[in-house]
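Below is target.pdb, which holds PDB, C-alpha atoms, pLDDT in the B column.
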```
ATOM      1  CA  ASP A   5      75.124 104.190 116.172  1.00 55.00           C
ATOM      2  CA  THR A   6      75.767 104.684 119.860  1.00 73.00           C
ATOM      3  CA  GLY A   7      78.943 106.702 119.442  1.00 92.00           C
ATOM      4  CA  VAL A   8      79.513 110.434 119.650  1.00 96.00           C
ATOM      5  CA  SER A   9      77.084 112.231 117.401  1.00 96.00           C
ATOM      6  CA  GLN A  10      77.611 115.668 115.844  1.00 98.00           C
ATOM      7  CA  ASP A  11      75.117 117.819 114.037  1.00 97.00           C
ATOM      8  CA  PRO A  12      75.156 119.143 111.401  1.00 97.00           C
ATOM      9  CA  ARG A  13      77.751 117.203 109.443  1.00 97.00           C
ATOM     10  CA  HIS A  14      78.280 120.079 107.032  1.00 97.00           C
ATOM     11  CA  LYS A  15      77.579 123.775 107.316  1.00 98.00           C
ATOM     12  CA  ILE A  16      78.118 126.499 104.733  1.00 98.00           C
ATOM     13  CA  THR A  17      77.659 130.021 105.977  1.00 98.00           C
ATOM     14  CA  LYS A  18      78.340 133.538 104.842  1.00 98.00           C
ATOM     15  CA  ARG A  19      81.024 135.566 106.524  1.00 97.00           C
ATOM     16  CA  GLY A  20      79.639 137.474 109.457  1.00 97.00           C
ATOM     17  CA  GLN A  21      76.867 134.999 110.266  1.00 98.00           C
ATOM     18  CA  ASN A  22      76.607 133.067 113.516  1.00 98.00           C
ATOM     19  CA  VAL A  23      76.683 129.276 113.569  1.00 98.00           C
ATOM     20  CA  THR A  24      76.025 126.702 116.265  1.00 98.00           C
ATOM     21  CA  PHE A  25      77.108 123.087 116.335  1.00 98.00           C
ATOM     22  CA  ARG A  26      75.840 120.339 118.583  1.00 98.00           C
ATOM     23  CA  CYS A  27      77.608 117.342 120.068  1.00 98.00           C
ATOM     24  CA  ASP A  28      75.906 114.424 121.797  1.00 97.00           C
ATOM     25  CA  PRO A  29      78.487 112.413 123.722  1.00 95.00           C
ATOM     26  CA  ILE A  30      78.312 108.774 124.692  1.00 93.00           C
ATOM     27  CA  SER A  31      75.754 108.783 127.479  1.00 89.00           C
ATOM     28  CA  GLU A  32      77.885 107.685 130.425  1.00 86.00           C
ATOM     29  CA  HIS A  33      80.846 109.906 129.525  1.00 91.00           C
ATOM     30  CA  ASN A  34      81.328 112.871 131.828  1.00 90.00           C
ATOM     31  CA  ARG A  35      84.189 114.463 129.863  1.00 91.00           C
ATOM     32  CA  LEU A  36      83.691 116.271 126.586  1.00 94.00           C
ATOM     33  CA  TYR A  37      86.249 117.881 124.290  1.00 94.00           C
ATOM     34  CA  TRP A  38      86.114 120.142 121.259  1.00 96.00           C
ATOM     35  CA  TYR A  39      88.901 120.182 118.705  1.00 96.00           C
ATOM     36  CA  ARG A  40      89.360 122.057 115.442  1.00 97.00           C
ATOM     37  CA  GLN A  41      91.107 120.603 112.425  1.00 96.00           C
ATOM     38  CA  THR A  42      92.130 122.669 109.435  1.00 95.00           C
ATOM     39  CA  LEU A  43      93.240 121.231 106.114  1.00 91.00           C
ATOM     40  CA  GLY A  44      96.545 119.414 106.332  1.00 90.00           C
ATOM     41  CA  GLN A  45      96.811 119.758 110.087  1.00 94.00           C
ATOM     42  CA  GLY A  46      96.104 117.556 113.058  1.00 96.00           C
ATOM     43  CA  PRO A  47      93.279 118.343 115.463  1.00 96.00           C
ATOM     44  CA  GLU A  48      93.876 121.317 117.791  1.00 95.00           C
ATOM     45  CA  PHE A  49      92.357 121.428 121.248  1.00 93.00           C
ATOM     46  CA  LEU A  50      89.716 124.089 121.819  1.00 95.00           C
ATOM     47  CA  THR A  51      88.003 123.356 125.124  1.00 94.00           C
ATOM     48  CA  TYR A  52      87.148 120.710 127.696  1.00 91.00           C
ATOM     49  CA  PHE A  53      84.142 120.082 129.935  1.00 93.00           C
ATOM     50  CA  GLN A  54      83.839 117.855 132.926  1.00 91.00           C
ATOM     51  CA  ASN A  55      80.131 117.414 133.422  1.00 91.00           C
ATOM     52  CA  GLU A  56      78.710 120.920 132.943  1.00 92.00           C
ATOM     53  CA  ALA A  57      81.846 122.774 133.995  1.00 92.00           C
ATOM     54  CA  GLN A  58      84.121 124.209 131.311  1.00 92.00           C
ATOM     55  CA  LEU A  59      87.531 123.563 132.853  1.00 90.00           C
ATOM     56  CA  GLU A  60      89.994 124.337 130.076  1.00 88.00           C
ATOM     57  CA  LYS A  61      89.992 126.704 127.144  1.00 90.00           C
ATOM     58  CA  SER A  62      92.639 127.124 124.494  1.00 89.00           C
ATOM     59  CA  ARG A  63      93.846 130.554 123.476  1.00 86.00           C
ATOM     60  CA  LEU A  64      92.534 129.512 120.045  1.00 81.00           C
ATOM     61  CA  LEU A  65      89.070 130.011 121.490  1.00 84.00           C
ATOM     62  CA  SER A  66      88.642 133.719 120.817  1.00 88.00           C
ATOM     63  CA  ASP A  67      85.788 135.722 122.288  1.00 92.00           C
ATOM     64  CA  ARG A  68      83.761 134.965 119.153  1.00 96.00           C
ATOM     65  CA  PHE A  69      83.626 131.326 120.255  1.00 96.00           C
ATOM     66  CA  SER A  70      81.513 130.057 123.099  1.00 95.00           C
ATOM     67  CA  ALA A  71      80.818 126.546 124.250  1.00 96.00           C
ATOM     68  CA  GLU A  72      78.285 125.225 126.680  1.00 96.00           C
ATOM     69  CA  ARG A  73      77.307 121.926 128.154  1.00 96.00           C
ATOM     70  CA  PRO A  74      74.086 122.427 130.068  1.00 91.00           C
ATOM     71  CA  LYS A  75      73.288 119.689 132.560  1.00 86.00           C
ATOM     72  CA  GLY A  76      76.435 117.841 131.600  1.00 85.00           C
ATOM     73  CA  SER A  77      74.832 116.162 128.604  1.00 90.00           C
ATOM     74  CA  PHE A  78      75.056 117.487 125.056  1.00 96.00           C
ATOM     75  CA  SER A  79      77.308 120.412 124.194  1.00 97.00           C
ATOM     76  CA  THR A  80      77.044 123.308 121.781  1.00 98.00           C
ATOM     77  CA  LEU A  81      79.791 125.324 120.153  1.00 98.00           C
ATOM     78  CA  GLU A  82      78.788 128.714 118.794  1.00 97.00           C
ATOM     79  CA  ILE A  83      80.862 130.905 116.542  1.00 97.00           C
ATOM     80  CA  GLN A  84      79.725 134.500 116.197  1.00 97.00           C
ATOM     81  CA  ARG A  85      80.548 136.757 113.263  1.00 97.00           C
ATOM     82  CA  THR A  86      82.220 133.953 111.347  1.00 97.00           C
ATOM     83  CA  GLU A  87      85.386 134.647 109.376  1.00 96.00           C
ATOM     84  CA  GLN A  88      86.898 132.715 106.493  1.00 96.00           C
ATOM     85  CA  GLY A  89      89.641 131.531 108.833  1.00 95.00           C
ATOM     86  CA  ASP A  90      87.016 129.671 110.848  1.00 96.00           C
ATOM     87  CA  SER A  91      86.557 127.214 107.986  1.00 97.00           C
ATOM     88  CA  ALA A  92      87.585 123.864 109.447  1.00 97.00           C
ATOM     89  CA  MET A  93      86.390 120.516 110.710  1.00 97.00           C
ATOM     90  CA  TYR A  94      85.108 120.804 114.281  1.00 98.00           C
ATOM     91  CA  LEU A  95      85.499 117.576 116.204  1.00 97.00           C
ATOM     92  CA  CYS A  96      83.842 116.585 119.431  1.00 97.00           C
ATOM     93  CA  ALA A  97      85.055 113.764 121.644  1.00 94.00           C
ATOM     94  CA  SER A  98      83.905 112.277 124.918  1.00 93.00           C
ATOM     95  CA  SER A  99      85.451 110.028 127.512  1.00 89.00           C
ATOM     96  CA  PHE A 100      84.927 108.581 130.924  1.00 85.00           C
ATOM     97  CA  SER A 101      88.436 108.829 132.279  1.00 74.00           C
ATOM     98  CA  GLY A 102      90.884 110.836 130.205  1.00 71.00           C
ATOM     99  CA  PRO A 103      91.621 112.644 126.928  1.00 67.00           C
ATOM    100  CA  PHE A 104      93.423 109.742 125.330  1.00 70.00           C
ATOM    101  CA  GLU A 105      90.528 107.358 125.807  1.00 77.00           C
ATOM    102  CA  ALA A 106      88.139 109.748 124.130  1.00 85.00           C
ATOM    103  CA  PHE A 107      85.834 108.604 121.386  1.00 91.00           C
ATOM    104  CA  PHE A 108      85.584 111.055 118.526  1.00 94.00           C
ATOM    105  CA  GLY A 109      82.552 112.100 116.553  1.00 96.00           C
ATOM    106  CA  GLN A 110      82.558 112.373 112.789  1.00 95.00           C
ATOM    107  CA  GLY A 111      82.877 116.113 112.958  1.00 97.00           C
ATOM    108  CA  THR A 112      81.102 119.144 111.548  1.00 98.00           C
ATOM    109  CA  ARG A 113      82.724 120.643 108.477  1.00 97.00           C
ATOM    110  CA  LEU A 114      82.279 124.413 108.415  1.00 98.00           C
ATOM    111  CA  THR A 115      82.832 126.414 105.251  1.00 98.00           C
ATOM    112  CA  VAL A 116      82.675 130.200 105.510  1.00 98.00           C
ATOM    113  CA  VAL A 117      82.177 131.904 102.157  1.00 96.00           C
TER     114      VAL A 117
ATOM    115  CA  ALA B 259     105.842 124.241 124.845  1.00 76.00           C
ATOM    116  CA  GLN B 260     104.330 120.976 123.752  1.00 86.00           C
ATOM    117  CA  ARG B 261     104.857 120.063 120.128  1.00 92.00           C
ATOM    118  CA  VAL B 262     104.525 116.936 118.013  1.00 96.00           C
ATOM    119  CA  THR B 263     106.244 116.694 114.644  1.00 97.00           C
ATOM    120  CA  GLN B 264     105.519 114.157 111.953  1.00 98.00           C
ATOM    121  CA  PRO B 265     108.047 114.915 109.229  1.00 96.00           C
ATOM    122  CA  GLU B 266     106.347 112.933 106.468  1.00 96.00           C
ATOM    123  CA  LYS B 267     102.991 114.128 105.177  1.00 96.00           C
ATOM    124  CA  LEU B 268     102.818 111.240 102.719  1.00 97.00           C
ATOM    125  CA  LEU B 269     104.294 107.761 102.890  1.00 98.00           C
ATOM    126  CA  SER B 270     103.829 105.074 100.287  1.00 97.00           C
ATOM    127  CA  VAL B 271     105.067 101.486 100.613  1.00 97.00           C
ATOM    128  CA  PHE B 272     104.329  98.198  98.913  1.00 97.00           C
ATOM    129  CA  LYS B 273     102.257  95.478 100.514  1.00 97.00           C
ATOM    130  CA  GLY B 274     104.465  93.192 102.558  1.00 97.00           C
ATOM    131  CA  ALA B 275     107.183  95.797 103.039  1.00 97.00           C
ATOM    132  CA  PRO B 276     108.087  97.212 106.447  1.00 97.00           C
ATOM    133  CA  VAL B 277     106.630 100.568 107.361  1.00 97.00           C
ATOM    134  CA  GLU B 278     107.795 103.197 109.825  1.00 97.00           C
ATOM    135  CA  LEU B 279     105.930 106.412 110.536  1.00 98.00           C
ATOM    136  CA  LYS B 280     108.078 108.950 112.323  1.00 97.00           C
ATOM    137  CA  CYS B 281     107.049 111.057 115.278  1.00 97.00           C
ATOM    138  CA  ASN B 282     109.161 113.436 117.334  1.00 97.00           C
ATOM    139  CA  TYR B 283     107.963 115.440 120.268  1.00 95.00           C
ATOM    140  CA  SER B 284     109.052 118.253 122.517  1.00 93.00           C
ATOM    141  CA  TYR B 285     107.780 118.473 126.054  1.00 87.00           C
ATOM    142  CA  SER B 286     109.437 119.576 129.250  1.00 79.00           C
ATOM    143  CA  GLY B 287     107.849 116.982 131.524  1.00 78.00           C
ATOM    144  CA  SER B 288     106.908 113.335 131.165  1.00 79.00           C
ATOM    145  CA  PRO B 289     104.349 112.925 128.425  1.00 84.00           C
ATOM    146  CA  GLU B 290     102.121 110.112 127.419  1.00 87.00           C
ATOM    147  CA  LEU B 291     102.390 109.319 123.732  1.00 91.00           C
ATOM    148  CA  PHE B 292      99.714 107.898 121.444  1.00 92.00           C
ATOM    149  CA  TRP B 293      99.056 106.987 117.868  1.00 95.00           C
ATOM    150  CA  TYR B 294      95.623 107.672 116.374  1.00 95.00           C
ATOM    151  CA  VAL B 295      94.368 106.401 113.033  1.00 96.00           C
ATOM    152  CA  GLN B 296      91.645 107.582 110.703  1.00 95.00           C
ATOM    153  CA  TYR B 297      90.549 105.201 107.968  1.00 95.00           C
ATOM    154  CA  SER B 298      88.703 106.546 104.952  1.00 93.00           C
ATOM    155  CA  ARG B 299      85.263 107.890 105.907  1.00 90.00           C
ATOM    156  CA  GLN B 300      85.690 106.765 109.507  1.00 93.00           C
ATOM    157  CA  ARG B 301      86.229 108.547 112.796  1.00 94.00           C
ATOM    158  CA  LEU B 302      89.517 109.270 114.415  1.00 94.00           C
ATOM    159  CA  GLN B 303      90.316 106.416 116.784  1.00 92.00           C
ATOM    160  CA  LEU B 304      93.055 105.444 119.195  1.00 91.00           C
ATOM    161  CA  LEU B 305      95.483 102.886 117.763  1.00 93.00           C
ATOM    162  CA  LEU B 306      97.905 102.480 120.633  1.00 91.00           C
ATOM    163  CA  ARG B 307      99.465 104.210 123.643  1.00 87.00           C
ATOM    164  CA  HIS B 308     103.018 103.851 124.790  1.00 83.00           C
ATOM    165  CA  ILE B 309     102.356 102.790 128.360  1.00 78.00           C
ATOM    166  CA  SER B 310     100.330  99.764 127.287  1.00 78.00           C
ATOM    167  CA  ARG B 311     103.265  98.443 125.223  1.00 76.00           C
ATOM    168  CA  GLU B 312     100.825  96.493 123.088  1.00 81.00           C
ATOM    169  CA  SER B 313     100.927  95.478 119.458  1.00 83.00           C
ATOM    170  CA  ILE B 314      97.723  96.529 117.743  1.00 86.00           C
ATOM    171  CA  LYS B 315      97.002  95.289 114.225  1.00 91.00           C
ATOM    172  CA  GLY B 316     100.684  94.378 114.011  1.00 92.00           C
ATOM    173  CA  PHE B 317     101.817  97.922 114.846  1.00 94.00           C
ATOM    174  CA  THR B 318     104.209  98.741 117.664  1.00 94.00           C
ATOM    175  CA  ALA B 319     105.718 101.980 118.884  1.00 94.00           C
ATOM    176  CA  ASP B 320     108.597 102.491 121.274  1.00 88.00           C
ATOM    177  CA  LEU B 321     109.066 105.643 123.268  1.00 89.00           C
ATOM    178  CA  ASN B 322     112.669 106.829 123.023  1.00 90.00           C
ATOM    179  CA  LYS B 323     113.084 109.572 125.595  1.00 88.00           C
ATOM    180  CA  GLY B 324     116.677 110.274 124.575  1.00 90.00           C
ATOM    181  CA  GLU B 325     115.698 111.013 120.999  1.00 92.00           C
ATOM    182  CA  THR B 326     112.220 112.262 121.995  1.00 93.00           C
ATOM    183  CA  SER B 327     110.709 109.990 119.390  1.00 95.00           C
ATOM    184  CA  PHE B 328     107.745 107.628 119.210  1.00 95.00           C
ATOM    185  CA  HIS B 329     107.932 106.029 115.778  1.00 97.00           C
ATOM    186  CA  LEU B 330     105.202 103.633 114.647  1.00 96.00           C
ATOM    187  CA  LYS B 331     106.359 100.427 112.998  1.00 96.00           C
ATOM    188  CA  LYS B 332     104.929  97.398 111.294  1.00 96.00           C
ATOM    189  CA  PRO B 333     107.099  94.673 109.772  1.00 96.00           C
ATOM    190  CA  PHE B 334     104.760  93.700 106.931  1.00 97.00           C
ATOM    191  CA  ALA B 335     102.323  96.302 105.624  1.00 97.00           C
ATOM    192  CA  GLN B 336      98.839  95.303 104.510  1.00 97.00           C
ATOM    193  CA  GLU B 337      96.532  97.152 102.129  1.00 96.00           C
ATOM    194  CA  GLU B 338      94.028  97.771 104.929  1.00 96.00           C
ATOM    195  CA  ASP B 339      96.684  99.800 106.759  1.00 97.00           C
ATOM    196  CA  SER B 340      96.168 102.639 104.295  1.00 97.00           C
ATOM    197  CA  ALA B 341      94.928 105.537 106.421  1.00 97.00           C
ATOM    198  CA  MET B 342      95.830 108.825 108.049  1.00 97.00           C
ATOM    199  CA  TYR B 343      97.981 108.419 111.146  1.00 98.00           C
ATOM    200  CA  TYR B 344      98.399 111.018 113.882  1.00 97.00           C
ATOM    201  CA  CYS B 345     100.895 111.010 116.698  1.00 97.00           C
ATOM    202  CA  ALA B 346      99.720 112.767 119.868  1.00 94.00           C
ATOM    203  CA  LEU B 347     100.898 113.552 123.357  1.00 91.00           C
ATOM    204  CA  SER B 348      99.227 114.312 126.637  1.00 86.00           C
ATOM    205  CA  SER B 349     100.625 115.526 129.904  1.00 76.00           C
ATOM    206  CA  ILE B 350     100.774 112.927 132.640  1.00 65.00           C
ATOM    207  CA  GLN B 351     100.061 115.726 135.119  1.00 65.00           C
ATOM    208  CA  GLY B 352      96.492 115.866 134.001  1.00 61.00           C
ATOM    209  CA  ALA B 353      96.135 118.571 131.391  1.00 63.00           C
ATOM    210  CA  GLN B 354      92.989 117.559 129.648  1.00 72.00           C
ATOM    211  CA  LYS B 355      94.056 117.821 126.083  1.00 85.00           C
ATOM    212  CA  LEU B 356      95.863 115.987 123.352  1.00 89.00           C
ATOM    213  CA  VAL B 357      98.470 117.712 121.214  1.00 92.00           C
ATOM    214  CA  PHE B 358      98.473 116.198 117.725  1.00 95.00           C
ATOM    215  CA  GLY B 359     101.037 116.146 114.968  1.00 97.00           C
ATOM    216  CA  GLN B 360     100.149 117.109 111.425  1.00 97.00           C
ATOM    217  CA  GLY B 361      99.535 113.536 110.402  1.00 97.00           C
ATOM    218  CA  THR B 362     101.008 111.138 107.847  1.00 98.00           C
ATOM    219  CA  ARG B 363      98.927 109.677 105.052  1.00 97.00           C
ATOM    220  CA  LEU B 364     100.044 106.088 104.585  1.00 98.00           C
ATOM    221  CA  THR B 365      99.283 104.378 101.301  1.00 98.00           C
ATOM    222  CA  ILE B 366      99.960 100.681 100.844  1.00 97.00           C
ATOM    223  CA  ASN B 367     100.373  99.746  97.217  1.00 95.00           C
ATOM    224  CA  PRO B 368      99.350  96.242  96.069  1.00 93.00           C
TER     225      PRO B 368
END
```

I'd like the structure from this file rewritten - as structure tokens, please.
Amino acid sequence: DTGVSQDPRHKITKRGQNVTFRCDPISEHNRLYWYRQTLGQGPEFLTYFQNEAQLEKSRLLSDRFSAERPKGSFSTLEIQRTEQGDSAMYLCASSFSGPFEAFFGQGTRLTVV
Amino acid sequence: AQRVTQPEKLLSVFKGAPVELKCNYSYSGSPELFWYVQYSRQRLQLLLRHISRESIKGFTADLNKGETSFHLKKPFAQEEDSAMYYCALSSIQGAQKLVFGQGTRLTINP
């Protein structure tokens, strides 16, 4: 599969623990997006990278969240001191030219217990 | 503020019947509108965008700026159309994000 890859696919963690997710975009795509999707809702934008630069962040991205994209390749999303409200599907997408042409990964489902 | 509303969480129609999934939006500028689809156990993928004015898999959507709507239509539903459908908008001015609606689960009954 040469599409956007996310790891892990599922993560169960205890409240208060830190978690890190990884996204490997399609190799020639310079734009990378993170979205969060809670049950019964559509995806909500979290942050956007162009190459290694983080150019947009949603107010949803509290100071417990941090995202990186070193060298403009893969990206990581870390959540510190997880809370039950962080339980969601975290989606990564990448594109070459714009947000609407982004290809989505299969997501990482986080459950905080 | 940008907002996308899909009033129907669930929609069920019989095979061969027409289907219309509703989408209304609020946005102060000129948005681009899209429909995304997610089939069972598959990734979210772009179905169509308003500026291309294409028909994809028999689906069409017309942007009505007066009613701020972008409803998705298909004259004859097929069982393989059963999926989750999301309406989304993006700013033409270059904001790098999509704003999604809550989604409508479409079920086509045989």

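In this model, the gap between atom CA of Val277 of chain B and atom CA of Pro368 of chain B comes to 14.1 Å.
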
Residues of chain A within 12 Å of chain B, counting only C-alpha atoms, as a ChimeraX atom specification: /A:7-10,35-54,58-62,95-99,101-112

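Around segment 14-16 of chain A, within 7 Å and counting all atoms listed in the file, the residues found are Thr112, Arg113, Leu114, Thr115 and Val116 of chain A, once anything fewer than 3 positions away on its own chain is removed.
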
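One distance worth recording is that between atom CA of Ala335 of chain B and atom CA of Leu364 of chain B, which is 10.1 Å.
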